[in-house]
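A.B. asks: Just so it is clear, I am handing over upload.txt, which has compact mmCIF, C-alpha atoms and all ligand atoms.
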```
# COMPACT_ATOMS: atom_id res chain seq x y z
CA MET A 111 -17.73 6.09 -16.56
CA LEU A 112 -15.18 3.76 -18.17
CA ASN A 113 -15.92 0.07 -18.73
CA PHE A 114 -14.66 -2.30 -16.09
CA THR A 115 -14.73 -5.84 -14.73
CA PHE A 116 -14.55 -6.13 -10.97
CA HIS A 117 -14.02 -9.34 -9.04
CA ASN A 118 -12.56 -9.60 -5.57
CA PRO A 119 -12.58 -13.08 -4.05
CA THR A 120 -11.02 -12.29 -0.64
CA ARG A 121 -13.30 -13.04 2.31
CA ILE A 122 -13.02 -10.45 5.09
CA HIS A 123 -13.52 -11.30 8.76
CA PHE A 124 -13.73 -7.91 10.42
CA GLY A 125 -13.83 -7.16 14.14
CA LYS A 126 -12.86 -8.29 17.61
CA ASN A 127 -11.58 -11.87 18.06
CA GLN A 128 -12.15 -12.77 14.44
CA ILE A 129 -8.95 -14.84 14.39
CA ARG A 130 -11.16 -17.71 15.54
CA GLU A 131 -12.56 -17.83 12.00
CA ILE A 132 -9.33 -19.04 10.46
CA THR A 133 -10.04 -22.68 11.26
CA GLN A 134 -13.17 -22.43 9.11
CA GLU A 135 -11.02 -21.21 6.24
CA ILE A 136 -7.96 -23.46 6.26
CA PRO A 137 -8.71 -26.99 5.01
CA LYS A 138 -8.30 -29.66 7.68
CA GLY A 139 -5.07 -31.58 7.37
CA SER A 140 -3.19 -28.66 5.80
CA ARG A 141 0.49 -28.17 6.56
CA VAL A 142 0.43 -24.50 7.45
CA LEU A 143 3.42 -22.17 7.29
CA ILE A 144 2.99 -19.03 9.41
CA ILE A 145 4.97 -16.16 7.86
CA TYR A 146 5.81 -13.03 9.83
CA GLY A 147 8.21 -10.12 10.12
CA GLY A 148 10.75 -8.97 12.67
CA GLY A 149 8.94 -10.24 15.72
CA SER A 150 6.20 -7.75 16.65
CA VAL A 151 3.71 -10.64 16.53
CA LYS A 152 5.77 -12.47 19.16
CA LYS A 153 5.99 -9.43 21.42
CA THR A 154 2.28 -8.71 21.24
CA GLY A 155 1.33 -12.33 21.93
CA LEU A 156 -0.53 -12.64 18.62
CA LEU A 157 1.63 -15.50 17.39
CA ASP A 158 0.80 -17.63 20.44
CA LYS A 159 -2.90 -16.86 20.06
CA VAL A 160 -2.91 -17.90 16.41
CA LYS A 161 -0.94 -21.05 17.16
CA ALA A 162 -3.50 -21.95 19.83
CA VAL A 163 -6.30 -21.51 17.30
CA LEU A 164 -4.38 -23.74 14.87
CA LYS A 165 -3.67 -26.47 17.44
CA ASP A 166 -5.16 -29.21 15.26
CA TYR A 167 -2.98 -28.39 12.27
CA GLN A 168 0.61 -29.16 11.47
CA VAL A 169 2.22 -25.74 11.76
CA SER A 170 5.70 -24.35 11.13
CA GLU A 171 7.06 -20.79 10.99
CA PHE A 172 9.14 -18.50 8.84
CA SER A 173 10.19 -15.19 10.38
CA GLY A 174 12.29 -12.23 9.36
CA ILE A 175 10.40 -10.68 6.45
CA GLU A 176 11.72 -7.13 6.55
CA PRO A 177 9.89 -3.86 5.72
CA ASN A 178 10.10 -3.60 1.91
CA PRO A 179 10.42 -7.38 1.66
CA ALA A 180 13.67 -8.58 0.14
CA TYR A 181 13.83 -11.14 -2.64
CA ASP A 182 16.64 -13.17 -1.05
CA THR A 183 14.75 -13.56 2.23
CA LEU A 184 11.61 -14.61 0.38
CA MET A 185 13.52 -17.19 -1.63
CA ARG A 186 14.75 -18.77 1.62
CA CYS A 187 11.11 -19.17 2.59
CA VAL A 188 10.35 -20.84 -0.75
CA ASP A 189 13.13 -23.38 0.01
CA GLN A 190 11.57 -24.10 3.41
CA ILE A 191 8.17 -24.65 1.79
CA HIS A 192 9.62 -27.19 -0.62
CA MET A 193 11.47 -28.97 2.19
CA GLU A 194 8.51 -29.11 4.55
CA LYS A 195 5.89 -29.60 1.82
CA CYS A 196 3.70 -26.83 3.25
CA ASP A 197 0.45 -26.38 1.36
CA PHE A 198 -1.13 -23.35 3.06
CA LEU A 199 0.46 -20.04 4.03
CA LEU A 200 -0.68 -17.65 6.75
CA ALA A 201 0.75 -14.13 6.63
CA MET A 202 0.72 -12.23 9.93
CA GLY A 203 1.73 -8.61 9.73
CA GLY A 204 1.56 -5.48 7.57
CA GLY A 205 1.98 -4.89 3.86
CA SER A 206 5.52 -6.19 3.75
CA VAL A 207 4.68 -9.60 5.19
CA ILE A 208 1.55 -9.89 3.03
CA ASP A 209 3.37 -8.80 -0.14
CA GLY A 210 6.23 -11.16 0.68
CA THR A 211 3.77 -14.01 1.14
CA LYS A 212 2.16 -13.27 -2.24
CA PHE A 213 5.54 -13.55 -3.90
CA ILE A 214 6.41 -16.73 -1.99
CA ALA A 215 3.04 -18.26 -2.92
CA ALA A 216 3.69 -17.64 -6.62
CA ALA A 217 7.42 -18.45 -6.57
CA ALA A 218 6.74 -21.84 -4.95
CA PHE A 219 5.24 -23.06 -8.26
CA TYR A 220 7.25 -20.92 -10.66
CA GLU A 221 9.35 -22.70 -13.25
CA GLY A 222 12.48 -20.71 -13.97
CA GLU A 223 14.11 -17.80 -12.17
CA PRO A 224 11.40 -16.26 -9.93
CA TRP A 225 12.78 -12.73 -10.42
CA GLU A 226 11.09 -12.96 -13.82
CA ILE A 227 7.81 -12.60 -11.91
CA LEU A 228 8.80 -8.99 -11.17
CA LYS A 229 10.29 -8.32 -14.59
CA THR A 230 7.02 -9.32 -16.20
CA PHE A 231 4.89 -7.60 -13.53
CA GLY A 232 3.27 -10.93 -12.64
CA SER A 233 1.74 -11.59 -16.06
CA ASN A 234 3.14 -15.12 -16.36
CA ILE A 235 2.06 -16.46 -12.95
CA LYS A 236 -0.03 -19.57 -13.60
CA LYS A 237 -0.60 -20.82 -10.08
CA ALA A 238 0.10 -19.93 -6.43
CA LEU A 239 -0.22 -21.57 -3.02
CA PRO A 240 -3.39 -20.59 -1.17
CA PHE A 241 -2.86 -18.17 1.71
CA GLY A 242 -4.68 -16.18 4.35
CA VAL A 243 -3.82 -13.00 6.25
CA VAL A 244 -3.99 -11.73 9.81
CA LEU A 245 -3.52 -8.00 9.38
CA THR A 246 -1.66 -5.99 12.04
CA LEU A 247 -1.07 -2.70 10.21
CA PRO A 248 -3.78 -0.90 8.23
CA ALA A 249 -2.07 0.85 5.33
CA THR A 250 -1.43 -0.87 2.04
CA GLY A 251 -4.69 -2.66 1.25
CA SER A 252 -2.59 -5.72 0.37
CA GLU A 253 -4.94 -7.78 2.57
CA MET A 254 -7.63 -7.50 -0.11
CA ASN A 255 -5.86 -7.00 -3.41
CA ASN A 256 -3.76 -8.89 -5.93
CA GLY A 257 -0.65 -6.70 -5.92
CA ALA A 258 2.71 -6.82 -4.15
CA VAL A 259 5.93 -4.86 -4.21
CA ILE A 260 9.26 -6.69 -3.86
CA THR A 261 12.79 -5.34 -3.40
CA ARG A 262 15.96 -6.89 -4.74
CA HIS A 263 18.95 -5.07 -3.30
CA SER A 264 21.51 -6.57 -5.70
CA GLU A 265 19.52 -5.05 -8.59
CA LYS A 266 18.67 -1.80 -6.76
CA ALA A 267 15.05 -2.53 -7.71
CA LYS A 268 11.71 -2.30 -5.95
CA LEU A 269 9.09 -3.51 -8.40
CA PRO A 270 5.38 -4.31 -8.26
CA PHE A 271 3.61 -7.36 -9.62
CA PHE A 272 -0.05 -8.29 -9.96
CA SER A 273 -1.86 -11.56 -10.51
CA PRO A 274 -5.37 -12.90 -10.02
CA HIS A 275 -3.68 -15.91 -8.35
CA VAL A 276 -2.42 -13.91 -5.36
CA TYR A 277 -5.60 -12.58 -3.81
CA PRO A 278 -5.64 -13.72 -0.18
CA LEU A 279 -8.26 -16.43 0.35
CA PHE A 280 -9.31 -14.59 3.51
CA SER A 281 -8.13 -11.75 5.73
CA VAL A 282 -8.77 -11.22 9.41
CA LEU A 283 -9.13 -7.52 10.20
CA ASP A 284 -9.23 -7.05 13.96
CA PRO A 285 -8.70 -3.35 14.73
CA ILE A 286 -7.41 -4.22 18.22
CA LEU A 287 -4.32 -5.74 16.61
CA SER A 288 -3.33 -2.23 15.50
CA TYR A 289 -3.21 -0.83 19.09
CA THR A 290 0.43 -1.81 19.48
CA LEU A 291 1.64 0.10 16.41
CA PRO A 292 4.38 2.67 17.03
CA ARG A 293 3.28 6.29 16.30
CA LYS A 294 5.36 6.31 13.16
CA GLN A 295 3.47 3.37 11.69
CA ILE A 296 0.09 4.88 12.57
CA GLY A 297 1.02 7.96 10.55
CA ASN A 298 2.52 5.91 7.74
CA GLY A 299 -0.61 3.80 7.45
CA VAL A 300 -3.04 6.71 7.31
CA VAL A 301 -0.93 8.58 4.76
CA ASP A 302 -0.46 5.51 2.55
CA ALA A 303 -4.21 4.85 2.49
CA PHE A 304 -4.88 8.55 1.80
CA VAL A 305 -2.50 8.59 -1.15
CA HIS A 306 -4.01 5.36 -2.53
CA VAL A 307 -7.35 7.12 -2.74
CA MET A 308 -5.75 10.18 -4.33
CA GLU A 309 -4.02 8.08 -7.01
CA GLN A 310 -7.43 6.83 -8.15
CA TYR A 311 -9.53 9.93 -7.47
CA LEU A 312 -7.42 12.90 -8.41
CA THR A 313 -7.09 12.46 -12.16
CA TYR A 314 -9.73 13.83 -14.57
CA PRO A 315 -13.52 13.50 -14.50
CA VAL A 316 -15.24 10.66 -16.36
CA SER A 317 -18.61 11.03 -14.66
CA GLY A 318 -17.65 8.44 -12.08
CA HIS A 319 -19.87 10.00 -9.46
CA VAL A 320 -20.16 6.85 -7.36
CA GLN A 321 -16.40 6.36 -7.28
CA ASP A 322 -15.88 10.06 -6.47
CA ARG A 323 -18.25 9.99 -3.52
CA PHE A 324 -16.75 6.75 -2.19
CA SER A 325 -13.28 8.28 -2.48
CA GLU A 326 -14.28 11.53 -0.83
CA GLY A 327 -15.87 9.55 2.00
CA LEU A 328 -12.64 7.65 2.56
CA LEU A 329 -10.53 10.82 2.45
CA LEU A 330 -12.82 12.66 4.87
CA THR A 331 -12.81 9.71 7.28
CA LEU A 332 -9.02 9.49 7.22
CA ILE A 333 -8.73 13.23 7.83
CA GLU A 334 -11.19 13.01 10.72
CA GLN A 335 -10.02 9.79 12.38
CA GLY A 336 -6.29 9.70 11.55
CA PRO A 337 -5.24 12.28 14.15
CA LYS A 338 -7.44 10.60 16.76
CA ALA A 339 -5.49 7.36 16.35
CA LEU A 340 -2.41 9.33 17.45
CA SER A 341 -4.07 11.08 20.40
CA ASP A 342 -6.29 8.20 21.56
CA PRO A 343 -4.54 5.01 20.44
CA GLU A 344 -6.89 2.53 22.13
CA ASN A 345 -10.10 3.93 20.71
CA TYR A 346 -11.65 0.91 18.97
CA ASP A 347 -14.03 2.84 16.75
CA VAL A 348 -11.24 5.07 15.44
CA ARG A 349 -9.02 2.08 14.67
CA ALA A 350 -11.91 0.26 13.02
CA ASP A 351 -12.61 3.21 10.72
CA ILE A 352 -8.97 3.46 9.74
CA MET A 353 -8.65 -0.26 9.10
CA LEU A 354 -11.73 -0.32 6.89
CA CYS A 355 -10.61 2.82 5.04
CA ALA A 356 -7.20 1.35 4.28
CA THR A 357 -8.70 -1.86 2.92
CA LEU A 358 -11.34 -0.12 0.80
CA ALA A 359 -8.79 2.38 -0.49
CA LEU A 360 -7.05 -0.32 -2.50
CA ASN A 361 -9.28 -3.34 -3.01
CA GLY A 362 -10.10 -2.38 -6.59
CA LEU A 363 -13.52 -0.86 -5.95
CA ILE A 364 -12.90 2.90 -6.06
CA GLY A 365 -10.50 2.52 -8.99
CA SER A 366 -12.95 0.59 -11.17
CA GLY A 367 -14.28 2.58 -14.10
CA VAL A 368 -12.04 5.61 -13.54
CA PRO A 369 -8.55 6.62 -14.73
CA GLN A 370 -5.67 5.99 -12.32
CA ASP A 371 -2.42 7.86 -11.75
CA TRP A 372 0.23 6.04 -9.57
CA ALA A 373 3.13 8.31 -10.63
CA THR A 374 3.67 9.36 -6.99
CA HIS A 375 3.99 5.72 -5.98
CA MET A 376 6.45 4.82 -8.74
CA ILE A 377 8.75 7.73 -7.83
CA GLY A 378 8.32 6.83 -4.15
CA HIS A 379 9.51 3.26 -4.73
CA GLU A 380 12.78 4.55 -6.23
CA ILE A 381 13.33 6.88 -3.26
CA THR A 382 12.87 3.94 -0.88
CA VAL A 383 15.29 1.75 -2.78
CA LEU A 384 17.99 4.43 -2.99
CA TYR A 385 17.61 6.20 0.35
CA GLY A 386 15.74 3.78 2.61
CA LEU A 387 12.76 5.98 3.45
CA ASP A 388 9.57 4.21 4.52
CA HIS A 389 7.00 3.84 1.75
CA ALA A 390 4.56 6.40 3.19
CA GLN A 391 7.38 8.87 3.93
CA THR A 392 8.14 9.00 0.21
CA LEU A 393 4.48 9.58 -0.68
CA ALA A 394 4.09 12.47 1.78
CA ILE A 395 7.01 14.18 0.02
CA VAL A 396 6.11 13.48 -3.60
CA LEU A 397 2.32 13.94 -3.68
CA PRO A 398 2.11 17.69 -2.87
CA ALA A 399 4.82 18.44 -5.46
CA MET A 400 3.17 16.12 -8.01
CA LEU A 401 -0.19 17.88 -7.64
CA THR A 402 1.45 21.28 -7.96
CA ILE A 403 3.36 20.45 -11.15
CA ARG A 404 0.31 18.79 -12.76
CA LYS A 405 -2.20 21.36 -11.53
CA ASN A 406 -3.52 22.19 -14.98
CA ALA A 407 -4.01 18.61 -16.14
CA LYS A 408 -5.77 17.79 -12.88
CA ARG A 409 -7.62 21.10 -12.61
CA GLU A 410 -11.23 19.91 -12.50
CA LYS A 411 -10.61 17.20 -9.94
CA LEU A 412 -8.38 19.43 -7.82
CA LEU A 413 -11.14 22.04 -7.65
CA GLN A 414 -13.65 19.36 -6.70
CA TYR A 415 -11.25 18.01 -4.05
CA ALA A 416 -10.74 21.51 -2.63
CA ASP A 417 -14.46 22.09 -2.41
CA ARG A 418 -15.76 18.73 -1.21
CA VAL A 419 -12.90 17.45 0.94
CA TRP A 420 -11.43 20.66 2.36
CA ASP A 421 -14.50 22.89 2.11
CA ILE A 422 -12.53 25.59 0.27
CA LYS A 423 -15.06 27.67 -1.65
CA ILE A 424 -13.14 30.76 -2.73
CA LYS A 425 -13.71 31.95 -6.29
CA ASP A 426 -10.10 32.31 -7.39
CA GLU A 427 -9.46 28.85 -8.88
CA GLU A 428 -5.66 29.02 -8.75
CA LYS A 429 -5.80 29.90 -5.08
CA ARG A 430 -8.39 27.22 -4.38
CA MET A 431 -6.12 24.53 -5.87
CA ASP A 432 -3.05 25.83 -4.03
CA MET A 433 -4.92 25.89 -0.75
CA ALA A 434 -6.09 22.29 -1.22
CA ILE A 435 -2.53 21.16 -1.88
CA GLU A 436 -1.35 23.06 1.19
CA LYS A 437 -4.09 21.47 3.30
CA THR A 438 -2.93 18.05 2.07
CA ARG A 439 0.63 18.85 3.15
CA GLU A 440 -0.60 20.08 6.55
CA PHE A 441 -2.56 16.88 7.01
CA PHE A 442 0.59 14.83 6.42
CA HIS A 443 2.35 17.00 9.03
CA THR A 444 -0.52 16.36 11.46
CA MET A 445 0.10 12.65 10.95
CA GLU A 446 3.74 13.42 11.85
CA LEU A 447 5.23 12.85 8.41
CA LYS A 448 7.70 15.21 6.80
CA THR A 449 7.08 16.49 3.31
CA ARG A 450 10.49 17.53 1.91
CA LEU A 451 13.43 15.53 0.62
CA SER A 452 15.66 17.98 2.50
CA ASP A 453 14.02 16.85 5.78
CA TYR A 454 15.81 13.54 5.22
CA GLU A 455 19.06 15.18 4.13
CA ILE A 456 18.86 13.75 0.62
CA PRO A 457 21.15 15.92 -1.49
CA ARG A 458 19.82 17.65 -4.60
CA GLU A 459 22.29 15.66 -6.69
CA GLY A 460 20.22 12.63 -5.64
CA ILE A 461 17.46 13.66 -8.05
CA GLU A 462 19.39 12.45 -11.07
CA ALA A 463 19.91 9.03 -9.50
CA ILE A 464 16.15 8.71 -9.00
CA ILE A 465 15.54 9.63 -12.65
CA VAL A 466 18.06 7.04 -13.85
CA GLN A 467 16.31 4.39 -11.73
CA LEU A 468 12.91 5.29 -13.19
CA GLN A 469 14.30 5.01 -16.70
CA GLU A 470 15.94 1.68 -15.95
CA HIS A 471 12.64 0.31 -14.73
CA GLY A 472 10.69 1.56 -17.72
CA MET A 473 8.77 4.14 -15.66
CA VAL A 474 8.93 6.79 -18.37
CA GLN A 475 5.26 7.30 -19.26
CA LEU A 476 3.56 7.55 -15.90
CA GLY A 477 0.23 8.99 -14.83
CA GLU A 478 -3.36 8.77 -16.01
CA LYS A 479 -2.42 10.23 -19.39
CA GLN A 480 1.02 8.60 -19.61
CA ASP A 481 2.52 12.07 -19.91
CA VAL A 482 4.65 12.04 -16.79
CA ASP A 483 8.03 11.57 -18.44
CA PRO A 484 11.48 11.80 -16.84
CA ASP A 485 11.58 15.59 -17.37
CA MET A 486 8.34 16.06 -15.50
CA CYS A 487 9.53 13.71 -12.73
CA ARG A 488 12.65 15.87 -12.42
CA LYS A 489 10.49 18.99 -12.01
CA VAL A 490 8.42 17.23 -9.36
CA LEU A 491 11.52 16.15 -7.46
CA GLU A 492 13.03 19.64 -7.64
CA LEU A 493 9.89 20.92 -5.98
CA CYS A 494 10.32 18.39 -3.16
CA TYR A 495 13.00 20.62 -1.57
O1 LIG B 1 8.23 -6.78 11.21
P1 LIG B 1 7.48 -6.59 12.47
O2 LIG B 1 8.27 -6.91 13.68
O3 LIG B 1 6.14 -7.26 12.46
O4 LIG B 1 7.23 -4.98 12.61
C1 LIG B 1 6.54 -4.23 11.65
C2 LIG B 1 7.47 -3.39 10.77
O5 LIG B 1 8.66 -3.09 11.41
C3 LIG B 1 5.72 -3.18 12.37
N1 LIG B 1 4.39 -3.63 12.78
C4 LIG B 1 3.41 -4.12 11.98
N2 LIG B 1 2.31 -4.35 12.72
C5 LIG B 1 2.59 -4.01 14.00
C6 LIG B 1 3.94 -3.57 14.05
N3 LIG B 1 4.52 -3.15 15.19
C7 LIG B 1 3.76 -3.19 16.31
N4 LIG B 1 2.47 -3.58 16.34
C8 LIG B 1 1.85 -3.99 15.21
N5 LIG B 1 0.56 -4.34 15.24
O6 LIG B 1 5.57 -2.15 11.41
C9 LIG B 1 6.73 -2.09 10.59
C10 LIG B 1 6.34 -1.79 9.16
O7 LIG B 1 5.64 -2.88 8.60
P2 LIG B 1 5.38 -2.97 7.02
O8 LIG B 1 4.62 -4.22 6.78
O9 LIG B 1 6.66 -2.77 6.30
O10 LIG B 1 4.48 -1.69 6.75
P3 LIG B 1 3.35 -1.42 5.69
O11 LIG B 1 2.11 -2.15 6.02
O12 LIG B 1 3.30 0.04 5.57
O13 LIG B 1 3.90 -2.07 4.33
C11 LIG B 1 4.80 -1.40 3.49
C12 LIG B 1 5.12 -2.24 2.26
O14 LIG B 1 3.94 -2.46 1.47
C13 LIG B 1 4.18 -2.02 0.11
C14 LIG B 1 5.20 -0.94 0.30
O15 LIG B 1 5.87 -0.62 -0.89
C15 LIG B 1 6.11 -1.53 1.35
O16 LIG B 1 7.01 -2.44 0.78
N6 LIG B 1 2.92 -1.64 -0.55
C16 LIG B 1 2.10 -2.63 -0.94
C17 LIG B 1 0.94 -2.38 -1.65
C18 LIG B 1 0.06 -3.46 -2.09
N7 LIG B 1 0.42 -4.71 -1.93
O17 LIG B 1 -1.03 -3.22 -2.62
C19 LIG B 1 0.52 -1.03 -2.02
C20 LIG B 1 1.30 0.04 -1.32
O18 LIG B 1 1.27 1.20 -2.13
C21 LIG B 1 2.70 -0.29 -0.99
O19 LIG B 1 3.54 -0.05 -2.10
ZN ZN B 2 1.13 2.92 -1.10
```
What is this structure when it is put down as structure tokens?
Ligand code: NZQ
Ligand code: ZN
C.D. replies:
Amino acid sequence: MLNFTFHNPTRIHFGKNQIREITQEIPKGSRVLIIYGGGSVKKTGLLDKVKAVLKDYQVSEFSGIEPNPAYDTLMRCVDQIHMEKCDFLLAMGGGSVIDGTKFIAAAAFYEGEPWEILKTFGSNIKKALPFGVVLTLPATGSEMNNGAVITRHSEKAKLPFFSPHVYPLFSVLDPILSYTLPRKQIGNGVVDAFVHVMEQYLTYPVSGHVQDRFSEGLLLTLIEQGPKALSDPENYDVRADIMLCATLALNGLIGSGVPQDWATHMIGHEITVLYGLDHAQTLAIVLPAMLTIRKNAKREKLLQYADRVWDIKIKDEEKRMDMAIEKTREFFHTMELKTRLSDYEIPREGIEAIIVQLQEHGMVQLGEKQDVDPDMCRKVLELCY
């Protein structure tokens, strides 16, 4: 096992009606800004419920954070914070709203042009406003991690940043809040969480047996419960399993002490920025091709994955790996995601544009061994057709 330091300060309130807990978390007298997306929280009645819980606080709102949160929108929120002197933020929504809030929290104190936060991947953040989360979409794990991904359309860039200052202070995880998700977002969430586990599990062995078993447990649970969320949307236990899986998939635990990949994600971000696909849609396309191209480098873990997650025991190792990759693709189809660039009518000439983007953003040595260079990315993308 590799050395590691693990610290995660986010307090989780999991279960039915846990939004009541937020008054214990937000200091009395705070000026709270509730931040949300395109309005699902209004339609579902969640916004009114949270406002009722916060009746003794001074509360204002900022709405309109879009999927793949946009820099310009977030900067408008920073202006509002300065004008209203808000000192506590409450994000209500999925990964986009939470990520947006992380950026806003850091940008509110940032001296200089806040886009630098992305250019330096968050390394120069010194301080951020405190914030909490009410999660409505299990997927990204943003509710319990210190990362965010922000899009700036004028720069054609979707870039991640990380900082110990942007862990949520607390997150409310009430599985019932996910009942109203459209089918597409149920599938997206399960696939995103699945790929998060794969990015940290499917690399090369370092005797991280604890991490491996945790990861396999999360993968097996997603495979078992994901389809049930589609067929039986108001099954509390199913939604609870999925919500917990998504959070644990990317809260730092399973990735501690093991190598990590993330090449699929970095290519996926460029596909979203250029062609507008949802985050999880890009992952469902890229991961099967990525595993195929890097089959040899990932051989031992792929064989373990085939055996322990898909129960494929056949002797022929090549076949066993291929079957595991095929099973992965089939699982994405079961969750109603497509797995080819051609399914979205992205022309083959589009591959070169993706490569140029990766180069522009310095994504030229990706993967757990930093050997995923632009040529290898091109091969992966060619296999996505
Ligand atoms: O905006 P509203 O109206 O709220 O609607 C949202 C949005 O349209 C809707 N929705 C959310 N909860 C709902 C609901 N509709 C009905 N009922 C509910 N309970 O779902 C749509 C998608 O929301 P979004 O937040 O964009 O989805 P997701 O959680 O998948 O987040 C995706 C973003 O997170 C980033 C992605 O790159 C992408 O920008 N990621 C963040 C990560 C992190 N911080 O660690 C890691 C991930 O790999 C990922 O990159
Ligand atoms: Zn993801």
A.B. asks: Neighbouring residues of His123 of chain A were defined as those with any atom within 12 Å, considering all atoms listed in the file; residues of the same chain fewer than 6 positions away were excluded. Please report them as a PyMOL selection string.
C.D. replies: chain A and resi 129-132+134-135+242-245+253-254+279-285+354
A.B. asks: Please provide as a PDB file with C-alpha atoms, in the coordinates of the input all residues within 9 Å of Ile465 of chain A, with the sequence filter that same-chain residues fewer than 6 positions apart are discarded (counting all atoms listed in the file).
C.D. replies:
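File written: around-v8.pdb
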```
ATOM      1  CA  ILE A 377       8.750   7.730  -7.830  1.00  0.00           C
ATOM      2  CA  GLU A 380      12.780   4.550  -6.230  1.00  0.00           C
ATOM      3  CA  PRO A 484      11.480  11.800 -16.840  1.00  0.00           C
ATOM      4  CA  ASP A 485      11.580  15.590 -17.370  1.00  0.00           C
ATOM      5  CA  CYS A 487       9.530  13.710 -12.730  1.00  0.00           C
ATOM      6  CA  ARG A 488      12.650  15.870 -12.420  1.00  0.00           C
TER       7      ARG A 488
END
```
A.B. asks: Between chain A and ligand ZN 2 (chain B), at 9 Å or less, what are the per-residue closest atom pairs and their distances in Å? Count only C-alpha atoms and all ligand atoms, order by chain and rising residue number, and return it as a tab-separated table.
C.D. replies:
```
residue	atom	partner	partner_atom	distance
A:Ala249	CA	B:ZN2	ZN	7.5
A:Thr250	CA	B:ZN2	ZN	5.5
A:Gly251	CA	B:ZN2	ZN	8.4
A:Gly299	CA	B:ZN2	ZN	8.8
A:Val301	CA	B:ZN2	ZN	8.4
A:Asp302	CA	B:ZN2	ZN	4.7
A:Ala303	CA	B:ZN2	ZN	6.7
A:Phe304	CA	B:ZN2	ZN	8.7
A:Val305	CA	B:ZN2	ZN	6.7
A:His306	CA	B:ZN2	ZN	5.9
A:Leu360	CA	B:ZN2	ZN	8.9
A:His375	CA	B:ZN2	ZN	6.3
A:Gly378	CA	B:ZN2	ZN	8.7
A:His389	CA	B:ZN2	ZN	6.6
A:Ala390	CA	B:ZN2	ZN	6.5
A:Leu393	CA	B:ZN2	ZN	7.5
```
A.B. asks: List as JSON, numbers by chain the protein and nucleic acid residues lying within 6 Å of ligand LIG 1 (chain B), with only C-alpha atoms and all ligand atoms counted.
C.D. replies: {"A": [147, 148, 149, 150, 151, 176, 177, 178, 203, 204, 205, 206, 207, 209, 246, 247, 249, 250, 251, 252, 257, 258, 259, 287, 288, 290, 291, 292, 295, 299, 389]}
A.B. asks: From the list A:Ser140, A:Ser366, A:Ser264, A:Ser170, which residue is nearest Asp197 of chain A when using all atoms listed in the file?
C.D. replies: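 Closest to Asp197 of chain A, using all atoms listed in the file: A:Ser140.
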A.B. asks: Quick check, in Å to one decimal: how far apart do atom CA of Pro224 of chain A and atom CA of Ile175 of chain A lie?
C.D. replies: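 Atom-to-atom, atom CA of Pro224 of chain A to atom CA of Ile175 of chain A, that is 17.3 Å.
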A.B. asks: At a cut-off of 10 Å, using all atoms listed in the file, what residues contact Ile227 of chain A? Leave out same-chain residues fewer than 3 positions from it and give the result as a list of chain:residue names.
C.D. replies: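 Once the adjacent positions are removed, what remains is A:Phe213, A:Ala216, A:Ala217, A:Tyr220, A:Gly222, A:Glu223, A:Pro224, A:Thr230, A:Phe231, A:Gly232, A:Ser233, A:Asn234, A:Ile235, A:Leu269, A:Pro270, A:Phe271, A:Phe272, A:Ser273.
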A.B. asks: Find the residue from A:Glu440, A:Glu344, A:Asp351, A:Asp432 that sits nearest to Leu412 of chain A; use all atoms listed in the file when measuring.
C.D. replies: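 The shortest atom-to-atom distance to Leu412 of chain A comes from A:Asp432.
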A.B. asks: Would you work out the distance separating atom CA of Leu184 of chain A from atom CA of Ile381 of chain A, expressed in Å to one decimal?
C.D. replies: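 Interatomic distance, atom CA of Leu184 of chain A to atom CA of Ile381 of chain A: 21.9 Å.
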A.B. asks: Separation of atom CA of Tyr181 of chain A and atom CA of Leu199 of chain A, in Å?
C.D. replies: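 Calculated distance between atom CA of Tyr181 of chain A and atom CA of Leu199 of chain A is 17.4 Å.
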A.B. asks: Which one of A:Val368, A:Leu397, A:Ala267, A:Ile122 sits closest to Tyr311 of chain A if you count all atoms listed in the file?
C.D. replies: A:Val368
A.B. asks: Which is closer to Pro248 of chain A than all the others in A:Ala399, A:Met486, A:Met353, A:Val474, using all atoms listed in the file?
C.D. replies: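 Result for the nearest residue to Pro248 of chain A: A:Met353.
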A.B. asks: Could you write out as JSON the box around segment 188-197 of chain A (axis-aligned, all atoms listed in the file, 5 Å on each side), with centre and edge lengths in Å to one decimal?
C.D. replies:
```
{"center_x": 6.8, "center_y": -25.2, "center_z": 1.9, "size_x": 22.7, "size_y": 18.8, "size_z": 15.3}
```
A.B. asks: Which neighbours of Ile333 of chain A fall inside 10 Å, counting only C-alpha atoms, when residues of the same chain fewer than 6 positions from it are skipped, and could you give them as a PyMOL selection string?
C.D. replies: chain A and resi 300-301+304+327+352+419-420+438+441-442+444-445
A.B. asks: Please determine, counting all atoms listed in the file, which residue among A:Glu446, A:Thr115, A:Asp426, A:Glu194 has the shortest atom-to-atom distance to Val169 of chain A.
C.D. replies: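 Closest to Val169 of chain A, using all atoms listed in the file: A:Glu194.
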A.B. asks: Which residues come within 8 Å of Met376 of chain A, counting all atoms listed in the file, excluding same-chain residues fewer than 4 positions away, as an MDAnalysis selection string?
C.D. replies: chainID A and resid 372 380 468 473
A.B. asks: Rank nothing, just name the residue among A:Ala407, A:Arg418, A:Arg293, A:Gly362 nearest to Leu329 of chain A, using all atoms listed in the file.
C.D. replies: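 Closest to Leu329 of chain A of all the choices is A:Arg418.
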